[in-house]
Amino acid sequence: MTIQSLTERMQYKLLAGDTSREVSALVYDSRKIVPGCMFVCIKGASFDGHAYIREAVEKQAAAIVVEQEIAVPDGPAVLKVDHTRLALAMLSAAWFGYPAEQLKTIGITGTKGKTTTTYMIRSMLESTGRKVGLIGTIEAVIGQERIPAANTTPESYVVQEYFRKMVDAGCDTCVMEVSSQGLMMYRVGGFLFDIGIFTNLEPDHIGPNEHASFEEYLACKAMLFRQCRTGIVNVDDAHAKAVTDGHTCSIETFGFSKEADLRASNVRLIHRPGYLGVAYEAQGLCSFAVEIDVPGKFSVYNSLAAIAVCRHFQVPVEQMQQALKQAKVKGRIEMVKVSDDFTLMIDYAHNAMSLESLLTTLREYEPGRLVCLFGCGGNRSRIRRYEMGEVSGRLADLTVITSDNPRDEQPQAIIDDIKKGMAKTDGAFVEIIDRKEAIRYVIQNGKPGDVIVLAGKGHEDYQEIKGKKYPMDERVLIAEILNE
């Protein structure tokens with residue numbers, strides 16, 4: 001592929017060289033520079049690709065893409081653009097043959113609910129015979145291949161590579177989580193989503209190497225609605241209007257509000273030993289009864305978003321109903337049957353906001369006791385530990401404090417920080433450093449009517465200690481405890 005064909009849809013200034021040259025590879029990692037490649041100089045939090053221009057020249061790169069003023073080297077073609085991250089997205093789309101144009105693409109953004117909603121949509125669409133790829137926080141799913149995720153939204157080159165693999169595997173649709181970082185860094189640049197979804201917005205991902213302010217966080221989320229054909233928005237969220245300001249797509253809404261195009265009414269909580277769910281009536285754009293095997297009001301929102309999408313694909317009502325009952329997400333309110341007397345679940349809630357949302361939801365089911373087992377990660381903000389301790393102390397009847405991913409810190413030091421937050425409440429707690437022993441404790445001491453939640457690990461199947469990941473899957477630990 002020539003430089004000219006790779007750059008046919010992008011704007012740039014040619015500072016040197018010949019665009020008729022062939023390109024052997026598209027590279028944005030200096031360690032992967034090879035002769036004949038096009039090297040895109042990306043600026044990161046702790047590195048700058050512009051620092052490796054000399055190395056690219058020495059290794060005989062065919063082209064170099066820059067966004068800042070440089071001393072133009074002899075040899076390669078040099079292209080100057082406004083944003084090299086956006087250029088990388090557009091070049092990646094061209095490199096893989098614009099695969100998004102051969103798929104129906106669905107992007108989901110918001111603070112919470114992205115993962116569950118993607119799996120609900122995938123389940124519903126596949127019930128009609130569509131072949132659906134998925135990109136998200138837990139994994140990428142391409143045909144029979146499952147690839148563990150490093151980021152919610154991968155780098156643009158990887159996104160386009162996944163799209164190409166999906167097309168080659170016979171997929172006709174892709175549903176993906178779109179993070180604010182992914183939008184800000186143009187990881188989903190270079191194509192137009194068929195459908196964009198907004199779930200909700202709360203202060204999160206604000207700080208060093210993330211977003212400078214809540215306003216920036218919101219503005220990044222809003223970018224999705226200038227990059228899709230149809231926007232589907234939770235009208236109940238306080239930021240719904242702001243997130244759609246300047247939109248270039250048609251807009252549909254969902255929620256509990258009477259103004260919502262698709263709304264939920266007559267919501268009922270369903271609770272029996274080992275099972276928590278919710279039922280409601282969908283009205284407006286669709287009209288039918290819904291029951292979901294996942295508890296809480298946020299599950300209603302997630303399912304409404306999924307229904308709003310699948311309506312565009314003419315999924316029959318019966319198949320939507322069945323698929324919503326069957327949609328399960330590893331580590332997201334994942335119920336594990338251990339007793340006929342009490343309910344035990346695994347959830348990824350790993351900060352104060354998500355833990356408060358989860359425990360508040362479970363409180364609505366009026367459990368005999370609400371028991372919360374959790375720890376906090378090492379090498380992370382100590383404030384998160386205080387906050388999570390305070391939330392659990394306030395909302396749970398019993399908190400079991402244990403280890404999460406201690407990384408380079410001592411587990412006991414992390415637990416001591418959590419206890420400082422607990423001390424602001426009257427909540428009862430025990431501390432058991434070993435996570436398996438902590439899980440054994442809550443199972444052996446479970447009482448009729450209890451709801452027990454193992455929070456923080458969710459889909460993770462490892463524990464990170466001093467730079468090494470050791471196998472640790474809570475489902476395996478539970479099975480071992482029951483066998484023992």
# chains A, B, ... in the order shown; residues from 1 in each chain; ligands from 1

$ residues_around --residues "Glu409 of chain A" --least-positions-apart "3" --cutoff "7 Å" --atoms "only C-alpha atoms" --output "NGL selection string"
:A and (378-379 or 406)

$ write_last_selection --atoms "N, CA and C atoms" --output "mmCIF file, in the first residue's frame"
data_model
loop_
_atom_site.group_PDB
_atom_site.id
_atom_site.type_symbol
_atom_site.label_atom_id
_atom_site.label_comp_id
_atom_site.auth_asym_id
_atom_site.auth_seq_id
_atom_site.Cartn_x
_atom_site.Cartn_y
_atom_site.Cartn_z
ATOM 1 N N GLY A 378 -3.509 -1.857 45.747
ATOM 2 C CA GLY A 378 -2.305 -1.132 46.138
ATOM 3 C C GLY A 378 -1.848 -0.208 45.029
ATOM 4 N N ASN A 379 -0.968 0.725 45.360
ATOM 5 C CA ASN A 379 -0.431 1.699 44.395
ATOM 6 C C ASN A 379 -1.546 2.533 43.761
ATOM 7 N N PRO A 406 -2.821 -6.192 46.062
ATOM 8 C CA PRO A 406 -1.963 -5.317 46.888
ATOM 9 C C PRO A 406 -0.818 -4.677 46.132
#

$ closest_atom_pairs --of "segment 286-395 of chain A" --to "segment 429-437 of chain A" --cutoff "10 Å" --atoms "only C-alpha atoms" --output "CSV"
residue,atom,partner,partner_atom,distance
A:Val371,CA,A:Phe429,CA,9.5
A:Cys372,CA,A:Phe429,CA,9.3
A:Leu373,CA,A:Arg435,CA,9.0
A:Phe374,CA,A:Arg435,CA,8.8
A:Gly375,CA,A:Arg435,CA,8.7
A:Gly389,CA,A:Phe429,CA,9.9
A:Ser392,CA,A:Phe429,CA,9.4
A:Gly393,CA,A:Phe429,CA,7.8

$ write_last_selection --atoms "N, CA, C and O atoms" --output "PDB file, in the first residue's frame"
ATOM      1  N   VAL A 371     -24.190  -8.412  53.425  1.00  0.00           N
ATOM      2  CA  VAL A 371     -22.796  -8.656  53.780  1.00  0.00           C
ATOM      3  C   VAL A 371     -21.918  -8.271  52.595  1.00  0.00           C
ATOM      4  O   VAL A 371     -22.151  -8.723  51.467  1.00  0.00           O
ATOM      5  N   CYS A 372     -20.930  -7.426  52.847  1.00  0.00           N
ATOM      6  CA  CYS A 372     -20.050  -6.934  51.768  1.00  0.00           C
ATOM      7  C   CYS A 372     -18.606  -7.304  52.058  1.00  0.00           C
ATOM      8  O   CYS A 372     -18.035  -6.901  53.077  1.00  0.00           O
ATOM      9  N   LEU A 373     -18.019  -8.100  51.168  1.00  0.00           N
ATOM     10  CA  LEU A 373     -16.602  -8.465  51.264  1.00  0.00           C
ATOM     11  C   LEU A 373     -15.851  -7.689  50.190  1.00  0.00           C
ATOM     12  O   LEU A 373     -16.232  -7.712  49.020  1.00  0.00           O
ATOM     13  N   PHE A 374     -14.803  -6.980  50.578  1.00  0.00           N
ATOM     14  CA  PHE A 374     -14.020  -6.248  49.576  1.00  0.00           C
ATOM     15  C   PHE A 374     -12.630  -5.907  50.117  1.00  0.00           C
ATOM     16  O   PHE A 374     -12.370  -5.980  51.319  1.00  0.00           O
ATOM     17  N   GLY A 375     -11.750  -5.529  49.204  1.00  0.00           N
ATOM     18  CA  GLY A 375     -10.445  -4.963  49.534  1.00  0.00           C
ATOM     19  C   GLY A 375     -10.200  -3.806  48.585  1.00  0.00           C
ATOM     20  O   GLY A 375     -11.075  -3.444  47.802  1.00  0.00           O
ATOM     21  N   GLY A 389     -14.492   2.202  52.511  1.00  0.00           N
ATOM     22  CA  GLY A 389     -14.747   1.763  53.882  1.00  0.00           C
ATOM     23  C   GLY A 389     -15.965   2.448  54.467  1.00  0.00           C
ATOM     24  O   GLY A 389     -16.810   1.806  55.113  1.00  0.00           O
ATOM     25  N   SER A 392     -19.254   1.062  52.704  1.00  0.00           N
ATOM     26  CA  SER A 392     -19.643  -0.269  53.172  1.00  0.00           C
ATOM     27  C   SER A 392     -20.094  -0.230  54.627  1.00  0.00           C
ATOM     28  O   SER A 392     -21.073  -0.886  55.001  1.00  0.00           O
ATOM     29  N   GLY A 393     -19.410   0.553  55.448  1.00  0.00           N
ATOM     30  CA  GLY A 393     -19.800   0.670  56.849  1.00  0.00           C
ATOM     31  C   GLY A 393     -21.188   1.248  57.018  1.00  0.00           C
ATOM     32  O   GLY A 393     -21.932   0.868  57.936  1.00  0.00           O
TER      33      GLY A 393
END

$ residues_around --residues "segment 93-106 of chain A" --least-positions-apart "3" --cutoff "6 Å" --atoms "only C-alpha atoms" --output "list of chain:residue names"
A:Leu6, A:Met90, A:Gln160, A:Phe163, A:Arg164, A:Asp172, A:Thr173, A:Cys174, A:Val175, A:Phe193, A:Asp194, A:Ile195, A:Gly196

$ atom_distance --atom1 "atom CA of Glu484 of chain A" --atom2 "atom CA of Ile414 of chain A"
29.1 Å

$ select_by_dssp --residues "segment 3-249 of chain A" --states "strand (DSSP E)" --output "PyMOL selection string"
chain A and resi 13-16+26-27+38-40+63-66+77-80+104-109+132-135+139-142+145-148+173-177+193-198+228-234

$ closest_residue --among "A:Tyr348, A:Phe198, A:Tyr365, A:Phe225" --to "Leu304 of chain A" --atoms "only C-alpha atoms"
A:Phe198
